[in-house]
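Student: Data: my_file11.txt, compact mmCIF, C-alpha atoms.
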```txt
# COMPACT_ATOMS: atom_id res chain seq x y z
CA MET A 1 35.85 22.63 48.67
CA ASN A 2 36.47 21.28 52.18
CA VAL A 3 36.29 24.84 53.55
CA ALA A 4 32.92 25.30 51.82
CA ARG A 5 31.58 22.11 53.38
CA PHE A 6 32.77 23.19 56.83
CA ILE A 7 31.15 26.60 56.52
CA ALA A 8 27.91 25.03 55.22
CA ARG A 9 27.74 22.70 58.20
CA ARG A 10 28.82 25.10 60.92
CA TYR A 11 28.21 28.68 59.93
CA PHE A 12 25.11 28.43 57.72
CA LYS A 13 23.22 25.73 59.60
CA ALA A 14 20.28 27.38 61.33
CA LYS A 15 19.72 26.67 65.00
CA LYS A 16 16.84 24.47 66.07
CA SER A 17 14.04 26.95 66.48
CA ARG A 18 10.72 27.87 65.00
CA ASN A 19 12.54 29.49 62.13
CA VAL A 20 10.48 29.14 58.94
CA ILE A 21 13.62 28.05 57.05
CA ASN A 22 14.01 25.06 59.35
CA LEU A 23 10.35 24.20 58.89
CA ILE A 24 10.56 24.33 55.08
CA THR A 25 13.81 22.35 55.14
CA ASN A 26 12.24 19.63 57.28
CA ILE A 27 9.21 19.49 55.00
CA SER A 28 11.59 19.11 52.06
CA VAL A 29 13.43 16.23 53.77
CA VAL A 30 10.12 14.51 54.59
CA GLY A 31 8.91 14.92 51.00
CA ILE A 32 12.11 13.46 49.53
CA THR A 33 12.06 10.65 52.12
CA ILE A 34 8.47 9.65 51.31
CA SER A 35 9.06 9.86 47.55
CA THR A 36 12.20 7.70 47.75
CA ALA A 37 10.54 5.16 50.06
CA ALA A 38 7.53 4.99 47.73
CA LEU A 39 9.84 4.30 44.78
CA VAL A 40 11.48 1.43 46.67
CA ILE A 41 8.20 -0.10 47.84
CA LEU A 42 6.27 0.21 44.57
CA LEU A 43 9.08 -0.99 42.30
CA SER A 44 9.63 -3.96 44.64
CA ALA A 45 5.88 -4.65 44.56
CA PHE A 46 5.90 -4.60 40.77
CA ASN A 47 8.83 -7.03 40.80
CA GLY A 48 6.82 -9.36 43.03
CA VAL A 49 3.68 -9.10 40.90
CA GLU A 50 5.70 -9.65 37.72
CA ASP A 51 7.27 -12.78 39.21
CA LEU A 52 3.83 -13.98 40.26
CA VAL A 53 2.43 -13.40 36.75
CA ILE A 54 5.37 -15.23 35.20
CA LYS A 55 4.85 -18.13 37.60
CA LEU A 56 1.10 -18.30 36.95
CA TYR A 57 1.33 -18.12 33.17
CA SER A 58 4.76 -19.50 32.34
CA ASP A 59 4.64 -22.62 34.52
CA PHE A 60 1.61 -24.08 32.74
CA ASP A 61 2.50 -22.80 29.27
CA PRO A 62 5.45 -24.63 27.71
CA ASP A 63 8.71 -22.74 27.24
CA ILE A 64 8.32 -23.04 23.46
CA THR A 65 5.34 -24.17 21.37
CA VAL A 66 5.56 -25.47 17.80
CA ARG A 67 2.31 -25.29 15.77
CA SER A 68 1.34 -25.52 12.14
CA SER A 69 0.89 -22.09 10.56
CA LYS A 70 -1.59 -23.51 8.03
CA ALA A 71 -3.88 -25.90 9.89
CA LYS A 72 -5.26 -26.77 13.31
CA THR A 73 -3.28 -30.03 13.40
CA PHE A 74 -0.35 -31.56 11.57
CA ASN A 75 1.06 -35.03 11.07
CA ARG A 76 3.84 -35.96 13.45
CA SER A 77 6.01 -37.11 10.55
CA PHE A 78 6.26 -33.49 9.33
CA VAL A 79 8.64 -32.73 12.21
CA ASP A 80 11.47 -35.04 13.20
CA HIS A 81 10.82 -35.62 16.90
CA GLU A 82 14.30 -36.98 17.61
CA GLU A 83 16.03 -34.16 15.77
CA LEU A 84 13.91 -31.64 17.68
CA ALA A 85 14.87 -33.26 20.99
CA GLU A 86 18.58 -33.02 20.11
CA VAL A 87 18.51 -29.21 19.69
CA SER A 88 20.88 -27.62 22.21
CA GLY A 89 18.92 -26.35 25.24
CA VAL A 90 15.91 -28.64 24.73
CA GLN A 91 15.11 -30.87 27.71
CA HIS A 92 11.80 -32.51 26.70
CA VAL A 93 9.64 -32.56 23.58
CA ILE A 94 6.00 -33.26 24.46
CA LYS A 95 3.26 -34.23 22.03
CA ALA A 96 -0.01 -32.35 22.58
CA LEU A 97 -3.61 -32.67 21.39
CA GLU A 98 -5.98 -29.81 22.15
CA GLU A 99 -9.74 -29.78 21.70
CA VAL A 100 -12.88 -28.28 23.21
CA VAL A 101 -14.94 -31.04 24.86
CA ILE A 102 -18.12 -31.42 26.88
CA LEU A 103 -17.79 -32.81 30.40
CA LYS A 104 -20.59 -34.44 32.39
CA HIS A 105 -20.74 -35.30 36.07
CA GLU A 106 -24.08 -36.44 37.42
CA LYS A 107 -26.46 -33.68 36.24
CA LYS A 108 -23.81 -31.08 35.50
CA TRP A 109 -22.65 -30.34 31.93
CA VAL A 110 -19.67 -28.07 31.27
CA HIS A 111 -17.53 -27.32 28.21
CA ALA A 112 -13.75 -27.34 28.70
CA GLN A 113 -10.43 -27.15 26.91
CA MET A 114 -8.98 -30.66 26.89
CA ILE A 115 -5.21 -31.03 26.57
CA GLY A 116 -3.75 -34.46 25.91
CA VAL A 117 -0.04 -34.57 26.71
CA ASP A 118 2.85 -36.92 27.38
CA PRO A 119 3.56 -37.65 31.07
CA GLU A 120 6.64 -35.35 30.98
CA PHE A 121 4.24 -32.40 30.93
CA VAL A 122 3.52 -32.92 34.63
CA GLN A 123 7.18 -32.25 35.44
CA SER A 124 7.70 -29.41 32.95
CA SER A 125 4.61 -27.53 34.20
CA LYS A 126 5.74 -27.84 37.86
CA MET A 127 2.40 -29.47 38.63
CA ASN A 128 3.50 -30.40 42.16
CA GLN A 129 3.72 -26.71 43.08
CA HIS A 130 0.24 -25.92 41.75
CA LEU A 131 -1.92 -28.72 43.15
CA VAL A 132 -4.88 -27.94 45.39
CA ASP A 133 -5.39 -31.60 46.25
CA GLY A 134 -4.98 -35.05 44.72
CA ASP A 135 -1.95 -36.63 43.06
CA PRO A 136 -0.23 -35.28 39.92
CA TYR A 137 -0.26 -38.52 37.94
CA LEU A 138 -1.78 -39.06 34.50
CA TYR A 139 -1.75 -42.83 35.02
CA GLU A 140 -2.54 -45.04 37.99
CA ASN A 141 -2.18 -48.80 37.57
CA ASN A 142 -1.89 -48.14 33.81
CA GLU A 143 -5.32 -46.49 33.83
CA PRO A 144 -5.52 -42.92 32.47
CA GLN A 145 -6.55 -40.11 34.82
CA ALA A 146 -7.43 -36.43 34.42
CA ILE A 147 -6.12 -33.35 36.24
CA PHE A 148 -8.76 -30.60 36.35
CA GLY A 149 -8.57 -26.87 36.83
CA ALA A 150 -9.80 -26.11 40.34
CA PHE A 151 -12.78 -23.94 39.24
CA LEU A 152 -13.70 -26.37 36.45
CA LEU A 153 -14.06 -29.25 38.89
CA ASP A 154 -16.18 -27.04 41.15
CA LYS A 155 -18.50 -26.30 38.20
CA LEU A 156 -19.04 -30.05 37.83
CA ASP A 157 -19.77 -30.43 41.56
CA ALA A 158 -17.01 -33.02 41.69
CA TYR A 159 -14.35 -33.31 44.37
CA ILE A 160 -11.19 -35.16 45.38
CA PRO A 161 -12.11 -37.72 48.07
CA ALA A 162 -9.86 -38.39 51.04
CA SER A 163 -9.75 -42.08 50.14
CA LYS A 164 -8.14 -43.20 46.90
CA LEU A 165 -10.60 -46.08 46.69
CA ASN A 166 -13.63 -43.91 45.85
CA LYS A 167 -12.35 -41.52 43.22
CA GLU A 168 -14.80 -39.43 41.23
CA GLN A 169 -15.29 -40.02 37.52
CA VAL A 170 -16.22 -37.50 34.84
CA THR A 171 -17.62 -38.36 31.41
CA PHE A 172 -15.73 -36.86 28.46
CA ASN A 173 -17.80 -36.19 25.35
CA VAL A 174 -15.35 -35.50 22.54
CA PRO A 175 -16.35 -34.38 19.03
CA LEU A 176 -15.04 -36.52 16.19
CA ARG A 177 -13.23 -34.93 13.29
CA GLU A 178 -15.38 -36.77 10.76
CA GLY A 179 -18.44 -36.89 13.01
CA LYS A 180 -21.75 -35.99 11.35
CA LEU A 181 -25.29 -35.65 12.64
CA ARG A 182 -27.01 -38.71 11.22
CA PRO A 183 -29.78 -40.88 12.62
CA GLY A 184 -28.34 -43.72 14.68
CA LYS A 185 -24.76 -42.32 14.56
CA ARG A 186 -23.14 -40.43 17.44
CA PRO A 187 -20.85 -37.52 16.49
CA LEU A 188 -19.15 -37.80 19.90
CA ASN A 189 -16.86 -40.25 21.60
CA SER A 190 -17.70 -40.72 25.28
CA ARG A 191 -15.64 -42.16 28.07
CA LYS A 192 -15.54 -41.94 31.85
CA VAL A 193 -12.19 -40.76 33.22
CA THR A 194 -11.04 -40.82 36.84
CA VAL A 195 -10.34 -37.48 38.53
CA ALA A 196 -6.73 -37.46 39.78
CA ALA A 197 -6.22 -33.92 41.08
CA ARG A 198 -7.12 -30.24 40.98
CA MET A 199 -4.59 -27.70 39.72
CA ASN A 200 -4.34 -23.98 40.47
CA TYR A 201 -2.47 -21.77 37.96
CA ASN A 202 -4.36 -18.76 36.63
CA ARG A 203 -8.02 -17.91 36.09
CA GLU A 204 -8.10 -19.21 32.51
CA VAL A 205 -6.48 -22.56 33.31
CA ASN A 206 -8.42 -23.00 36.54
CA SER A 207 -11.82 -22.47 34.93
CA GLU A 208 -11.37 -24.08 31.50
CA HIS A 209 -8.55 -26.63 31.28
CA VAL A 210 -8.35 -30.35 31.92
CA VAL A 211 -5.19 -32.38 31.30
CA ILE A 212 -5.31 -36.03 30.23
CA PRO A 213 -2.74 -38.47 28.78
CA TYR A 214 -1.89 -38.03 25.12
CA GLU A 215 -2.81 -41.62 24.24
CA LEU A 216 -6.30 -41.18 25.74
CA ALA A 217 -6.83 -37.91 23.83
CA ARG A 218 -5.67 -39.60 20.64
CA GLU A 219 -8.13 -42.45 21.19
CA LEU A 220 -11.04 -40.13 21.93
CA LEU A 221 -10.35 -37.75 19.02
CA GLU A 222 -9.38 -40.50 16.57
CA TYR A 223 -6.68 -38.23 15.16
CA GLY A 224 -4.29 -41.01 14.21
CA GLU A 225 -0.79 -39.54 13.85
CA ASP A 226 -1.99 -35.94 13.86
CA ILE A 227 -1.18 -33.64 16.79
CA SER A 228 -2.05 -30.05 17.69
CA ALA A 229 1.43 -28.96 18.80
CA TYR A 230 4.80 -29.89 20.17
CA TYR A 231 5.48 -28.49 23.63
CA VAL A 232 9.21 -27.89 24.13
CA ASP A 233 10.58 -27.80 27.65
CA ALA A 234 13.91 -25.94 27.67
CA SER A 235 16.64 -26.33 30.28
CA GLU A 236 16.82 -23.64 32.97
CA ASP A 237 20.07 -22.10 31.72
CA ALA A 238 18.98 -22.05 28.06
CA ASP A 239 18.39 -18.84 26.12
CA LEU A 240 14.77 -19.22 24.94
CA ASP A 241 15.17 -16.88 21.97
CA GLU A 242 18.24 -18.77 20.80
CA VAL A 243 16.52 -22.16 21.18
CA LYS A 244 13.44 -20.78 19.40
CA ASN A 245 15.52 -19.62 16.43
CA LYS A 246 17.21 -23.02 16.15
CA ILE A 247 13.84 -24.80 16.20
CA GLN A 248 12.38 -22.38 13.66
CA SER A 249 15.22 -23.04 11.24
CA LEU A 250 14.70 -26.77 11.78
CA VAL A 251 10.92 -26.92 11.20
CA GLY A 252 10.74 -24.28 8.46
CA GLU A 253 8.22 -21.58 7.56
CA ASP A 254 5.22 -23.94 7.61
CA PHE A 255 5.34 -23.88 11.42
CA THR A 256 4.96 -21.13 14.00
CA VAL A 257 7.39 -21.25 16.93
CA LYS A 258 6.62 -19.08 19.98
CA THR A 259 8.08 -18.73 23.45
CA ASN A 260 5.74 -18.50 26.44
CA PHE A 261 6.61 -14.78 26.74
CA GLU A 262 5.48 -14.19 23.15
CA LYS A 263 2.31 -16.16 23.75
CA ASN A 264 1.46 -13.95 26.74
CA GLU A 265 3.08 -10.85 25.27
CA LEU A 266 0.20 -8.51 26.12
CA ILE A 267 0.24 -9.49 29.80
CA PHE A 268 3.98 -8.95 30.22
CA LYS A 269 4.04 -5.71 28.20
CA THR A 270 1.11 -4.35 30.23
CA SER A 271 2.96 -5.12 33.46
CA GLN A 272 6.12 -3.38 32.22
CA SER A 273 4.13 -0.35 30.99
CA GLU A 274 2.39 0.01 34.35
CA ARG A 275 5.76 -0.17 36.09
CA LEU A 276 7.17 2.60 33.88
CA ILE A 277 4.10 4.82 34.38
CA VAL A 278 4.23 4.43 38.16
CA TYR A 279 7.96 5.21 38.15
CA LEU A 280 7.42 8.40 36.12
CA ILE A 281 4.58 9.51 38.41
CA LEU A 282 6.74 8.99 41.51
CA VAL A 283 9.65 10.88 39.91
CA PHE A 284 7.26 13.74 39.20
CA ILE A 285 6.11 13.66 42.84
CA PHE A 286 9.79 13.68 43.90
CA ILE A 287 10.36 16.80 41.80
CA LEU A 288 7.30 18.51 43.31
CA SER A 289 8.41 17.67 46.84
CA SER A 290 11.84 19.14 46.04
CA PHE A 291 10.37 22.60 45.39
CA ASN A 292 10.47 23.02 49.17
CA LEU A 293 14.23 22.54 48.90
CA ILE A 294 14.45 25.36 46.35
CA ALA A 295 12.44 27.60 48.69
CA SER A 296 14.68 26.63 51.60
CA ILE A 297 17.88 27.46 49.71
CA ALA A 298 16.42 30.75 48.46
CA MET A 299 15.28 31.83 51.94
CA LEU A 300 18.59 30.80 53.49
CA PHE A 301 20.39 32.83 50.82
CA VAL A 302 18.26 35.89 51.58
CA GLU A 303 18.76 35.51 55.32
CA LYS A 304 22.53 35.21 54.97
CA LYS A 305 23.06 38.13 52.56
CA GLU A 306 25.05 40.08 55.12
CA ASP A 307 27.21 37.06 55.89
CA ILE A 308 27.77 36.52 52.18
CA SER A 309 28.90 40.14 51.81
CA THR A 310 31.27 39.61 54.73
CA LEU A 311 32.74 36.54 53.06
CA PHE A 312 33.18 38.48 49.82
CA SER A 313 35.00 41.17 51.81
CA LEU A 314 37.28 38.50 53.28
CA GLY A 315 38.25 37.40 49.77
CA ALA A 316 35.75 34.67 48.99
CA ASP A 317 34.73 34.35 45.34
CA LYS A 318 31.50 33.25 43.67
CA HIS A 319 32.69 29.65 43.48
CA THR A 320 33.15 29.45 47.26
CA ILE A 321 29.71 30.94 47.93
CA PHE A 322 28.17 28.59 45.37
CA ASN A 323 29.78 25.56 47.03
CA ILE A 324 28.46 26.58 50.46
CA PHE A 325 24.82 26.67 49.39
CA PHE A 326 25.17 23.82 46.89
CA TYR A 327 26.51 21.43 49.55
CA GLU A 328 23.80 22.60 51.92
CA GLY A 329 21.22 21.52 49.31
CA LEU A 330 23.01 18.20 48.70
CA MET A 331 23.03 17.48 52.43
CA ILE A 332 19.27 18.03 52.62
CA VAL A 333 18.65 15.83 49.56
CA GLY A 334 21.10 13.17 50.74
CA ARG A 335 19.44 12.98 54.15
CA GLY A 336 16.03 12.48 52.54
CA ILE A 337 17.32 9.84 50.10
CA VAL A 338 19.17 7.80 52.74
CA ILE A 339 16.25 7.84 55.19
CA GLY A 340 13.85 7.03 52.33
CA LEU A 341 15.90 4.04 51.15
CA ILE A 342 16.20 2.67 54.69
CA LEU A 343 12.49 3.18 55.39
CA GLY A 344 11.45 1.69 52.03
CA TYR A 345 13.53 -1.45 52.42
CA ILE A 346 12.41 -1.92 56.04
CA VAL A 347 8.80 -1.97 54.79
CA CYS A 348 9.72 -4.36 51.93
CA PHE A 349 11.57 -6.83 54.16
CA ALA A 350 8.80 -6.68 56.76
CA GLN A 351 6.29 -7.64 54.05
CA MET A 352 8.57 -10.41 52.71
CA PHE A 353 9.19 -12.04 56.09
CA PHE A 354 6.00 -11.29 58.02
CA GLY A 355 3.36 -10.91 55.27
CA LEU A 356 1.78 -7.77 56.73
CA LEU A 357 -0.39 -7.10 53.66
CA PRO A 358 -2.53 -10.05 52.45
CA MET A 359 -3.10 -10.78 48.78
CA PRO A 360 -6.59 -9.65 47.67
CA SER A 361 -8.92 -12.57 46.87
CA ALA A 362 -6.28 -15.07 47.99
CA PRO A 363 -6.71 -15.95 51.68
CA GLY A 364 -3.54 -17.09 53.38
CA GLU A 365 -1.21 -15.52 50.80
CA SER A 366 0.71 -12.29 51.32
CA PHE A 367 1.24 -9.64 48.67
CA PRO A 368 4.42 -10.52 46.72
CA ILE A 369 7.48 -8.33 47.14
CA LYS A 370 10.85 -8.78 45.46
CA THR A 371 13.86 -6.52 46.00
CA THR A 372 16.78 -6.38 43.58
CA LEU A 373 20.20 -4.75 43.71
CA TRP A 374 19.57 -3.26 40.27
CA ASP A 375 16.47 -1.44 41.55
CA ALA A 376 18.41 -0.05 44.51
CA ILE A 377 21.15 1.27 42.20
CA PHE A 378 18.58 2.62 39.73
CA ILE A 379 16.60 4.45 42.45
CA LEU A 380 19.76 5.83 44.08
CA PHE A 381 21.03 7.06 40.70
CA SER A 382 17.66 8.56 39.67
CA VAL A 383 16.93 10.49 42.85
CA GLY A 384 20.61 11.39 43.22
CA VAL A 385 20.72 12.99 39.77
CA LEU A 386 17.44 14.81 40.38
CA GLY A 387 18.66 15.99 43.78
CA PHE A 388 21.91 17.22 42.22
CA ILE A 389 20.02 19.19 39.55
CA ILE A 390 17.54 20.64 42.06
CA SER A 391 20.41 21.74 44.34
CA TYR A 392 22.62 23.01 41.52
CA LEU A 393 20.28 25.13 39.39
CA PRO A 394 18.70 27.40 42.04
CA THR A 395 22.04 27.90 43.77
CA LYS A 396 23.71 28.82 40.48
CA ILE A 397 20.93 31.30 39.67
CA LEU A 398 20.98 32.87 43.15
CA VAL A 399 24.76 33.31 43.22
CA ALA A 400 24.80 34.77 39.69
CA ARG A 401 21.97 37.16 40.57
CA HIS A 402 23.69 38.26 43.77
CA GLY A 403 26.86 38.95 41.78
CA ARG A 404 24.95 41.18 39.34
CA LEU A 405 23.26 43.07 42.18
CA LYS A 406 26.59 43.59 43.90
CA LYS A 407 28.07 45.12 40.73
CA GLN A 408 25.13 47.50 40.46
```
With the file now loaded, output its structure as structure tokens.

Tutor:
Amino acid sequence: MNVARFIARRYFKAKKSRNVINLITNISVVGITISTAALVILLSAFNGVEDLVIKLYSDFDPDITVRSSKAKTFNRSFVDHEELAEVSGVQHVIKALEEVVILKHEKKWVHAQMIGVDPEFVQSSKMNQHLVDGDPYLYENNEPQAIFGAFLLDKLDAYIPASKLNKEQVTFNVPLREGKLRPGKRPLNSRKVTVAARMNYNREVNSEHVVIPYELARELLEYGEDISAYYVDASEDADLDEVKNKIQSLVGEDFTVKTNFEKNELIFKTSQSERLIVYLILVFIFILSSFNLIASIAMLFVEKKEDISTLFSLGADKHTIFNIFFYEGLMIVGRGIVIGLILGYIVCFAQMFFGLLPMPSAPGESFPIKTTLWDAIFILFSVGVLGFIISYLPTKILVARHGRLKKQ
């Protein structure tokens, strides 16, 4: 085997000239290099986008949501709050009231999704990391405040002033459960609420959601002890599926328990499907670019027929000849893979540290890139196996065919 490698490197390596074999070989190396680098860059880009999607959707959405499977709301007494909080892996249990409301600021009227929550929601949703401006507090001097989606506040032509003394106020018009259209009776509860901050998560939250304290939502809706859901904040090291199963067994079949991944299942599955499709396309491109390698091996074999006959005369067997051309093919593939990996990761790290490519529609933010050791191993294994097959099969066929011709 070592003799075959030596002969492949020394005896069968064409000199640097305008030889067409050298040209095809170089084209093959470039093709494999570009394909490998593209795999590294695109898979790393998908990792970054997936992390961004998870951050945008999973930060605002609770880790686990408990809802009634039979009605819009349920009485708090139906679920033991303390027992729910004691489930292993549960950090906070947050009461939530959700309702569509009408907001008014000066002459602007806008409908919105109001969410009344306990103060722990601010911490569990990582509100500090998603603020555009303002302060992430649902109470100030014991007075309730509201945190608006950034686009929603823009629709109302409201803003966050530089001074805390002149905060804007927005009127909440909330439909009553038992409200009816009768002369002299209002079917809405109205109250002015101070604007505390603007939040920036995803398009849906930014344009439709407003967060207020649970007690204020309860007062406006007049729901009594009824709530829309329990938001469960799990600890970072907890297994969400395991915690979900424990909660489901606790609350019974009358309640639906979902993780944030299940709630946004379509988004995450779409991202994974796109990743798989892109990977398969790039593998196909890698295979196409490797046809130059097959041509290079075939032409080298034809050019060296006399030398091969000489080696046979000196006692070499088919296995030795096969190893010579097989290792030649592996060296070409290996060179392309190594250069491609280096080039791909240079581009990835340059984007991570210098932000060369900006994020579309997000000034000041660079396109997210995330590299993982698993991706590097996966890419190396994938292109290595393909390179092995592409080097092995044509060489095997050529050597076998040459043996048959020699017998004839």

Student: Please provide the set of residues having any atom within 10 Å of Ala376 of chain A, restricted to only C-alpha atoms, with same-chain residues fewer than 5 positions apart removed, written as a list in words.

Tutor: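 Here the answer would be Leu39, Val40, Leu43, Ser44, Leu341, Tyr345, Thr371, Phe381 and Ser382 of chain A.
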
Student: Could those residues be written to a file, using C-alpha atoms, as a PDB file, keeping the file's coordinate frame?

Tutor:
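So out23.pdb came out as:
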```
ATOM      1  CA  LEU A  39       9.840   4.300  44.780  1.00  0.00           C
ATOM      2  CA  VAL A  40      11.480   1.430  46.670  1.00  0.00           C
ATOM      3  CA  LEU A  43       9.080  -0.990  42.300  1.00  0.00           C
ATOM      4  CA  SER A  44       9.630  -3.960  44.640  1.00  0.00           C
ATOM      5  CA  LEU A 341      15.900   4.040  51.150  1.00  0.00           C
ATOM      6  CA  TYR A 345      13.530  -1.450  52.420  1.00  0.00           C
ATOM      7  CA  THR A 371      13.860  -6.520  46.000  1.00  0.00           C
ATOM      8  CA  PHE A 381      21.030   7.060  40.700  1.00  0.00           C
ATOM      9  CA  SER A 382      17.660   8.560  39.670  1.00  0.00           C
TER      10      SER A 382
END
```

Student: Taking (-10.7, -22.3, 38.3) in the file's coordinates as the center, which residues reach within 6 Å of it, counting only C-alpha atoms, put as a VMD selection string?

Tutor: chain A and resid 149 to 152 203 206 to 207

Student: Would you put the residues from that selection into a file with C-alpha atoms, as an mmCIF file, in the coordinates of the input?

Tutor:
```cif
data_model
loop_
_atom_site.group_PDB
_atom_site.id
_atom_site.type_symbol
_atom_site.label_atom_id
_atom_site.label_comp_id
_atom_site.auth_asym_id
_atom_site.auth_seq_id
_atom_site.Cartn_x
_atom_site.Cartn_y
_atom_site.Cartn_z
ATOM 1 C CA GLY A 149 -8.570 -26.870 36.830
ATOM 2 C CA ALA A 150 -9.800 -26.110 40.340
ATOM 3 C CA PHE A 151 -12.780 -23.940 39.240
ATOM 4 C CA LEU A 152 -13.700 -26.370 36.450
ATOM 5 C CA ARG A 203 -8.020 -17.910 36.090
ATOM 6 C CA ASN A 206 -8.420 -23.000 36.540
ATOM 7 C CA SER A 207 -11.820 -22.470 34.930
#
```

Student: Work out how far atom CA of Ile324 of chain A is from atom CA of Lys396 of chain A, in Å to one decimal.

Tutor: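 We find that atom CA of Lys396 of chain A and atom CA of Ile324 of chain A lie 11.3 Å from each other.
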
Student: Could you give me, as JSON, numbers by chain, the residues that have an atom at most 12 Å away from the point (20.7, -0.6, 48.0) in the coordinates of the file, using all atoms listed in the file?

Tutor: {"A": [36, 37, 40, 337, 338, 339, 340, 341, 342, 343, 344, 345, 346, 371, 372, 373, 374, 375, 376, 377, 378, 379, 380, 381]}

Student: Keeping only C-alpha atoms, take the residues you just selected and write them out as an mmCIF file, in the coordinates of the input.

Tutor:
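For reference, result_10.cif as written:
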```
data_model
loop_
_atom_site.group_PDB
_atom_site.id
_atom_site.type_symbol
_atom_site.label_atom_id
_atom_site.label_comp_id
_atom_site.auth_asym_id
_atom_site.auth_seq_id
_atom_site.Cartn_x
_atom_site.Cartn_y
_atom_site.Cartn_z
ATOM 1 C CA THR A 36 12.200 7.700 47.750
ATOM 2 C CA ALA A 37 10.540 5.160 50.060
ATOM 3 C CA VAL A 40 11.480 1.430 46.670
ATOM 4 C CA ILE A 337 17.320 9.840 50.100
ATOM 5 C CA VAL A 338 19.170 7.800 52.740
ATOM 6 C CA ILE A 339 16.250 7.840 55.190
ATOM 7 C CA GLY A 340 13.850 7.030 52.330
ATOM 8 C CA LEU A 341 15.900 4.040 51.150
ATOM 9 C CA ILE A 342 16.200 2.670 54.690
ATOM 10 C CA LEU A 343 12.490 3.180 55.390
ATOM 11 C CA GLY A 344 11.450 1.690 52.030
ATOM 12 C CA TYR A 345 13.530 -1.450 52.420
ATOM 13 C CA ILE A 346 12.410 -1.920 56.040
ATOM 14 C CA THR A 371 13.860 -6.520 46.000
ATOM 15 C CA THR A 372 16.780 -6.380 43.580
ATOM 16 C CA LEU A 373 20.200 -4.750 43.710
ATOM 17 C CA TRP A 374 19.570 -3.260 40.270
ATOM 18 C CA ASP A 375 16.470 -1.440 41.550
ATOM 19 C CA ALA A 376 18.410 -0.050 44.510
ATOM 20 C CA ILE A 377 21.150 1.270 42.200
ATOM 21 C CA PHE A 378 18.580 2.620 39.730
ATOM 22 C CA ILE A 379 16.600 4.450 42.450
ATOM 23 C CA LEU A 380 19.760 5.830 44.080
ATOM 24 C CA PHE A 381 21.030 7.060 40.700
#
```

Student: How many Å lie between atom CA of Tyr139 of chain A and atom CA of Glu83 of chain A, rounded to one decimal?

Tutor: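 For atom CA of Tyr139 of chain A relative to atom CA of Glu83 of chain A, the distance reads 27.6 Å.
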
Student: If I take atom CA of Val110 of chain A and atom CA of Asp154 of chain A, how far is one from the other in Å, to one decimal?

Tutor: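 Those two atoms sit 10.5 Å apart.
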
Student: Taking all atoms listed in the file into account, which of A:Val101, A:Leu153, A:Met199, A:Val20 comes nearest Val122 of chain A?

Tutor: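 Of A:Val101, A:Leu153, A:Met199, A:Val20, the one nearest Val122 of chain A is A:Met199, counting all atoms listed in the file.
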
Student: Considering only C-alpha atoms, state which residue in the set A:Val174, A:Leu221, A:Ile277, A:Ala196 is at the smallest distance from Tyr159 of chain A.

Tutor: A:Ala196

Student: Could you make a table, as JSON lines, of the residues of segment 156-232 of chain A that have an atom within 12 Å of an atom of segment 241-247 of chain A, each with its nearest atom pair and distance in Å to one decimal, counting all atoms listed in the file, in chain and number order?

Tutor:
```
{"residue": "A:Tyr230", "atom": "CA", "partner": "A:Ile247", "partner_atom": "CA", "distance": 11.1}
{"residue": "A:Tyr231", "atom": "CA", "partner": "A:Ile247", "partner_atom": "CA", "distance": 11.8}
{"residue": "A:Val232", "atom": "CA", "partner": "A:Lys244", "partner_atom": "CA", "distance": 9.5}
```

Student: I'd like to know which of A:Glu215, A:Asp135, A:Ala229, A:Glu306 is closest to Val79 of chain A, using all atoms listed in the file.

Tutor: A:Ala229

Student: Would you please work out which residue, of A:Gln113, A:Ser289, A:Thr310, A:Thr65, is nearest to Thr259 of chain A when using all atoms listed in the file?

Tutor: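 Closest candidate: A:Thr65.
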
Student: Hey, what's within 9 Å of Asn75 of chain A if we count only C-alpha atoms and toss same-chain stuff fewer than 3 positions away? As a list in words, please?

Tutor: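 Surrounding residues, per the criterion: Phe78, Val79, Gly224, Glu225, Asp226, Ile227 and Ser228 of chain A.
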
Student: Go ahead and save the picked residues with C-alpha atoms, as a CSV table (one decimal), in the frame of the given file.

Tutor:
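And here's out-v3.csv as it stands now:
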```csv
chain,number,residue,atom,x,y,z
A,78,PHE,CA,6.3,-33.5,9.3
A,79,VAL,CA,8.6,-32.7,12.2
A,224,GLY,CA,-4.3,-41.0,14.2
A,225,GLU,CA,-0.8,-39.5,13.8
A,226,ASP,CA,-2.0,-35.9,13.9
A,227,ILE,CA,-1.2,-33.6,16.8
A,228,SER,CA,-2.0,-30.0,17.7
```

Student: For Phe46 of chain A, which of A:Leu23, A:Ile369, A:Leu356, A:Ala295 is the closest residue, counting only C-alpha atoms?

Tutor: A:Ile369

Student: Just checking: using only C-alpha atoms, which residue out of A:Phe121, A:Tyr201, A:Trp109, A:Tyr223 ends up closest to Leu97 of chain A?

Tutor: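 Nearest to Leu97 of chain A: A:Tyr223.
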
Student: Can I get the residues of segment 181-234 of chain A within 12 Å of segment 141-145 of chain A, each with the closest pair of atoms and their distance in Å to one decimal, using all atoms listed in the file, sorted chain first then ascending number, as a tab-separated table?

Tutor:
```
residue	atom	partner	partner_atom	distance
A:Arg191	CA	A:Pro144	CA	11.1
A:Lys192	CA	A:Gln145	CA	9.6
A:Val193	CA	A:Gln145	CA	5.9
A:Thr194	CA	A:Gln145	CA	5.0
A:Val195	CA	A:Gln145	CA	5.9
A:Ala196	CA	A:Gln145	CA	5.6
A:Ala197	CA	A:Gln145	CA	8.8
A:Arg198	CA	A:Gln145	CA	11.6
A:Val210	CA	A:Gln145	CA	10.3
A:Val211	CA	A:Gln145	CA	8.6
A:Ile212	CA	A:Gln145	CA	6.3
A:Pro213	CA	A:Pro144	CA	6.4
A:Tyr214	CA	A:Pro144	CA	9.5
A:Glu215	CA	A:Pro144	CA	8.8
A:Leu216	CA	A:Pro144	CA	7.0
A:Ala217	CA	A:Pro144	CA	10.1
A:Glu219	CA	A:Pro144	CA	11.6
```
